[in-house]
Amino acid sequence: MNRDLTTSQGSMLPSPPADQSMLAVHLRLSRVHTLDEQLQALMEIIIESLGAERATLFLHDAQAGELYARIAVGEARREIRLLTAEGVAGHVFTTAQSMLAPDAYESPFFNPRIDELTGFRTRSVACVPMRAVDGTIIGVAQALNKQEGVFADEDLSLLETITAQAALVLRSTLLVQEVERTSRQQSSFMHLVSELSAEIQLGPLLQKIMEAVTRMLDADRATLFLNDEKTGELFSEIGQGLGAQKIRFPNDRGIAGAVFTTGKSINIPHAYADLRFNPSLDRQTGYFTRSILSVPVINKAGKVIGVTQVLNKRGGAFADDDEARLRAFTAQIAIGLENAKLFDDVQAMKQYNDSVLASMTNGVLTLDPEGKVVTCNAAGRRILQMRLEDLLGQDAAVYFAGPNAWVMEKLERALASGTAETALDAALQVGDETAWINLTALPLTGARREVLGSMLLLDDISRERRIKSTMSRYVDASVTDRLLESEAEVLGGHSSVVTVLFSDVRGFTPLAEQLGPQATVALLNDYFTRMVFCVEGEGGMLDKFIGDAMMAVFGVPFPHDDDPDRAVRAAIAMMRALRLFNRERAVLGQAQLRIGIGLNTGDAFTGSVGSPRRMDFTVMGDGVNLASRLEGAGKFYGTPVLLSDFTLKALRGTYRTREIDRVIVRGKTEPVAIHELLEYHDEESFPHLIDVLPGFRDGLALYRSQRWADAVKRFEHCLTLNPKDEAALRMIQRCGELAQDPPGEDWDGVWTLKDK
């Protein structure tokens, strides 16, 4: 609470020595404890020490970006605020330099608005910044109107000395005040959370939370959008200020959609100036949105389940502090949602025990706080091979003992942490047999966090789960899910257009002989882990490993519109991953790896082949063979990545490539143009790439025109730019061979590759 801002001038006192003045400042400020009292005392010290009529202290409000006068001696009882660059005080604050204004109204920095507000006539000003020990400027001190004469340099030095000493005390008081303010906010927050926790009904709980958020952030209204996974839409389950109206829209649309898809908060001071804002919501509700603060609602598993939006901060835009507090609230929203749903499940089990539990395929056991079995459904009794009367009221620790003691350990951890504990593909000893289950142990808590008991969920691993576990080692998890959800004939044989990727490690046999069996296996495992990650990252399916070679397919079992692009991007990622892998090996003094990749797009047979005892889902056909041949052709041309003309023409994106040749591969009769993929190269791996491309293209055209000497010059120019361009060297050698033994006038420029 501000004191009276006016103090009499008093009698002039002789100026004490500087060290005595500093001691007096410290003593006087130490005798008072509140910030207002310290500021009052400091203003009086400045007036007495400098012989001024009045003094003013402006403190810095970092959040508002303003300077404000908490107390001003000699002025009216009010708080004065100005921008950090406004007036003499603003100039001193922004420049961090003290200044004298012998004639205030002649100074270009003086703002007469303050005089108009206070009715005071300022003649001269001495103004200095207040620095904390760490150099941070916490405010500005001003002395106004020297009673005798004008302020001089010695007055400015004295004012700097006084404020330097005072800043030590004021900074501590400000920090204490900030800690107390934060403590009050946290106390209020926890009190509010405690009140909300008493509500276990989902609808009323969300209503109370939104009302609390609106009130806490001083906003017009707030809305919670939940995600409907079935329709891919966000819908308003509750909206403060929206009444009973519900809104639905795609979960990637507008501000809420951007927050949901990215999982990151968005703070927009001007909604209509942001392209992500969807004004249709305003049209539906008749509301005008100015500012928006939107944060994701994330559950314990880290999944975004909704979005909380607060609209129209009163008095300006939402600050970082508002965002932090709203994020804390959304965490409570997620916890409240899960706890409310869990409590509803417990109540439902009590009311509909026979019908609900009997219909569940997973085993469910509920335990009281003492660990005794309260309920067990039919699936649970089947898994445990126990009768209901033998389970109810029994201590769970008696049954889950010995080899099954791990179940109680999981349960104890869940109760201690208050969160679910899981065990996947775990062995449960049941009599003389072993059952394989997925276990979830979780505590049951009430609205006031009291322990109601615990629950054990036992999922008897089905054949589909085992298939998924096996297939996930070969196919991306999303593809596995779609396979299991689809009809059985998905795995049957059929013809489709696919893009096949073959890769092989160059010179692996001698390297393996040097390394030995164990080191070779370790190298392959590390290498394949990186390569498979690149393939799966583009939605490809790993078909098989063949020694140090790998085959992947894009387009099966489920096609995409851009499968050729996905295959090309995977090849680029593989080459970049190999570059990083080789750098790591170089640091360890290990040998470098080189690989070749072949890509082709075409018809292929896909399906399950084998015997009744062993089946493989694979891809076969000429399109597959050509991809394998192109990988081998890369050795001949010295090109790490080759793709067929069929793949190049099917690409939607643009990538750096160059045509290498037109060839007939072994086992084929029709020629195909082959191209080198160059997109992964940098200046170090392929110097002067941009200049090499036109030279190689021209050389290839001259070569096909049988102008051997001119073609050689173009290819030699390519070698001058990049001495490691093996394709150019290969074409120079071929031009020499053809010059000695010309192919004839009917030659079509096609080269037959004899090796695989």
# chains A, B, ... in the order shown; residues from 1 in each chain; ligands from 1
>>> select_by_dssp(residues="stretch 225-311 of chain A", states="helix (DSSP H, G or I)", output="list in words")
Gly254, Ile255, Ala256, Gly257, Ala258, Val259, Phe260, Thr261, Thr262, Ala271, Tyr272, Ala273, Ser280, Leu281, Asp282, Arg283, Gln284 and Thr285 of chain A
>>> write_last_selection(atoms="N, CA and C atoms", output="JSON list (two decimals), in the first residue's frame")
[["chain", "number", "residue", "atom", "x", "y", "z"],
["A", 254, "GLY", "N", -7.14, -25.33, -37.81],
["A", 254, "GLY", "CA", -7.15, -24.19, -36.90],
["A", 254, "GLY", "C", -6.05, -24.25, -35.85],
["A", 255, "ILE", "N", -6.15, -23.35, -34.87],
["A", 255, "ILE", "CA", -5.16, -23.27, -33.81],
["A", 255, "ILE", "C", -5.17, -24.55, -32.97],
["A", 256, "ALA", "N", -6.38, -24.98, -32.57],
["A", 256, "ALA", "CA", -6.49, -26.19, -31.77],
["A", 256, "ALA", "C", -5.91, -27.39, -32.52],
["A", 257, "GLY", "N", -6.15, -27.47, -33.82],
["A", 257, "GLY", "CA", -5.61, -28.56, -34.61],
["A", 257, "GLY", "C", -4.09, -28.54, -34.67],
["A", 258, "ALA", "N", -3.52, -27.33, -34.78],
["A", 258, "ALA", "CA", -2.06, -27.21, -34.81],
["A", 258, "ALA", "C", -1.46, -27.66, -33.48],
["A", 259, "VAL", "N", -2.09, -27.29, -32.37],
["A", 259, "VAL", "CA", -1.60, -27.70, -31.05],
["A", 259, "VAL", "C", -1.74, -29.21, -30.89],
["A", 260, "PHE", "N", -2.86, -29.76, -31.34],
["A", 260, "PHE", "CA", -3.08, -31.21, -31.19],
["A", 260, "PHE", "C", -2.07, -32.02, -32.01],
["A", 261, "THR", "N", -1.82, -31.62, -33.25],
["A", 261, "THR", "CA", -0.94, -32.41, -34.12],
["A", 261, "THR", "C", 0.53, -32.27, -33.74],
["A", 262, "THR", "N", 0.93, -31.09, -33.22],
["A", 262, "THR", "CA", 2.34, -30.88, -32.86],
["A", 262, "THR", "C", 2.62, -31.17, -31.40],
["A", 271, "ALA", "N", -5.52, -12.99, -33.03],
["A", 271, "ALA", "CA", -5.97, -14.22, -33.67],
["A", 271, "ALA", "C", -6.14, -14.06, -35.18],
["A", 272, "TYR", "N", -6.79, -12.97, -35.63],
["A", 272, "TYR", "CA", -7.10, -12.83, -37.05],
["A", 272, "TYR", "C", -5.87, -12.52, -37.90],
["A", 273, "ALA", "N", -4.75, -12.24, -37.25],
["A", 273, "ALA", "CA", -3.51, -12.00, -37.99],
["A", 273, "ALA", "C", -2.73, -13.30, -38.20],
["A", 280, "SER", "N", -14.25, -19.71, -38.66],
["A", 280, "SER", "CA", -15.58, -20.32, -38.72],
["A", 280, "SER", "C", -16.15, -20.57, -37.33],
["A", 281, "LEU", "N", -15.26, -20.79, -36.35],
["A", 281, "LEU", "CA", -15.74, -20.99, -34.98],
["A", 281, "LEU", "C", -16.40, -19.72, -34.46],
["A", 282, "ASP", "N", -15.82, -18.58, -34.77],
["A", 282, "ASP", "CA", -16.45, -17.32, -34.37],
["A", 282, "ASP", "C", -17.79, -17.14, -35.06],
["A", 283, "ARG", "N", -17.86, -17.54, -36.32],
["A", 283, "ARG", "CA", -19.13, -17.40, -37.04],
["A", 283, "ARG", "C", -20.20, -18.31, -36.44],
["A", 284, "GLN", "N", -19.79, -19.48, -35.97],
["A", 284, "GLN", "CA", -20.76, -20.39, -35.37],
["A", 284, "GLN", "C", -21.25, -19.89, -34.02],
["A", 285, "THR", "N", -20.37, -19.28, -33.26],
["A", 285, "THR", "CA", -20.72, -18.89, -31.89],
["A", 285, "THR", "C", -21.13, -17.43, -31.77]]
>>> residues_around(residues="stretch 369-385 of chain A", least_positions_apart="2", cutoff="6 Å", atoms="only C-alpha atoms", output="list in words")
Leu357, Ala358, Thr361, Asn362, Gly363, Val364, Leu365, Thr366, Leu367, Leu392, Gly393, Gln394, Asp395, Ala396 and Gly453 of chain A
>>> closest_residue(among="A:Asp322, A:Glu37, A:Glu229, A:Asp682", to="A:Ile305", atoms="only C-alpha atoms")
A:Glu229
>>> residues_around(residues="A:Ala126", least_positions_apart="5", cutoff="12 Å", atoms="only C-alpha atoms", output="ChimeraX atom specification")
/A:46-47,50-57,88-89,92,97-104,110,140-146,150-160
>>> write_last_selection(atoms="C-alpha atoms", output="PDB file, in the first residue's frame")
ATOM      1  CA  ILE A  46      18.175  11.324  -1.952  1.00  0.00           C
ATOM      2  CA  ILE A  47      16.378  14.583  -1.130  1.00  0.00           C
ATOM      3  CA  LEU A  50      21.351  16.124  -3.003  1.00  0.00           C
ATOM      4  CA  GLY A  51      19.314  19.058  -1.697  1.00  0.00           C
ATOM      5  CA  ALA A  52      16.504  18.277  -4.104  1.00  0.00           C
ATOM      6  CA  GLU A  53      12.896  19.318  -3.944  1.00  0.00           C
ATOM      7  CA  ARG A  54      11.593  15.888  -4.871  1.00  0.00           C
ATOM      8  CA  ALA A  55      12.702  12.412  -5.876  1.00  0.00           C
ATOM      9  CA  THR A  56      11.196   9.551  -7.814  1.00  0.00           C
ATOM     10  CA  LEU A  57      12.108   5.891  -8.141  1.00  0.00           C
ATOM     11  CA  VAL A  88      14.426  10.770 -19.136  1.00  0.00           C
ATOM     12  CA  ALA A  89      13.894   7.706 -16.945  1.00  0.00           C
ATOM     13  CA  VAL A  92      18.566   6.155 -18.707  1.00  0.00           C
ATOM     14  CA  GLN A  97      23.886   5.614 -18.588  1.00  0.00           C
ATOM     15  CA  SER A  98      23.360   8.318 -15.976  1.00  0.00           C
ATOM     16  CA  MET A  99      22.438  11.794 -17.196  1.00  0.00           C
ATOM     17  CA  LEU A 100      21.887  15.393 -16.076  1.00  0.00           C
ATOM     18  CA  ALA A 101      19.171  17.624 -17.480  1.00  0.00           C
ATOM     19  CA  PRO A 102      19.938  21.170 -16.195  1.00  0.00           C
ATOM     20  CA  ASP A 103      16.886  22.482 -18.046  1.00  0.00           C
ATOM     21  CA  ALA A 104      14.313  19.709 -18.189  1.00  0.00           C
ATOM     22  CA  PHE A 110      12.024  14.893 -21.077  1.00  0.00           C
ATOM     23  CA  VAL A 140      15.870   4.244 -12.260  1.00  0.00           C
ATOM     24  CA  ALA A 141      16.285   6.889  -9.519  1.00  0.00           C
ATOM     25  CA  GLN A 142      15.610  10.601 -10.171  1.00  0.00           C
ATOM     26  CA  ALA A 143      16.296  13.735  -8.162  1.00  0.00           C
ATOM     27  CA  LEU A 144      14.199  16.730  -9.255  1.00  0.00           C
ATOM     28  CA  ASN A 145      14.871  20.504  -8.936  1.00  0.00           C
ATOM     29  CA  LYS A 146      18.062  21.308  -7.032  1.00  0.00           C
ATOM     30  CA  VAL A 150      21.352  23.009 -10.707  1.00  0.00           C
ATOM     31  CA  PHE A 151      22.599  19.453 -10.335  1.00  0.00           C
ATOM     32  CA  ALA A 152      26.297  18.968 -11.044  1.00  0.00           C
ATOM     33  CA  ASP A 153      28.524  15.998 -11.763  1.00  0.00           C
ATOM     34  CA  GLU A 154      29.253  15.525  -8.058  1.00  0.00           C
ATOM     35  CA  ASP A 155      25.500  15.262  -7.421  1.00  0.00           C
ATOM     36  CA  LEU A 156      25.250  12.610 -10.099  1.00  0.00           C
ATOM     37  CA  SER A 157      28.156  10.662  -8.585  1.00  0.00           C
ATOM     38  CA  LEU A 158      26.603  10.866  -5.140  1.00  0.00           C
ATOM     39  CA  LEU A 159      23.249   9.677  -6.496  1.00  0.00           C
ATOM     40  CA  GLU A 160      24.972   6.758  -8.199  1.00  0.00           C
TER      41      GLU A 160
END
>>> atom_distance(atom1="atom CA of A:Arg113", atom2="atom CA of A:Leu82")
10.0 Å
>>> atom_distance(atom1="atom CA of A:Gly537", atom2="atom CA of A:Val553")
12.8 Å
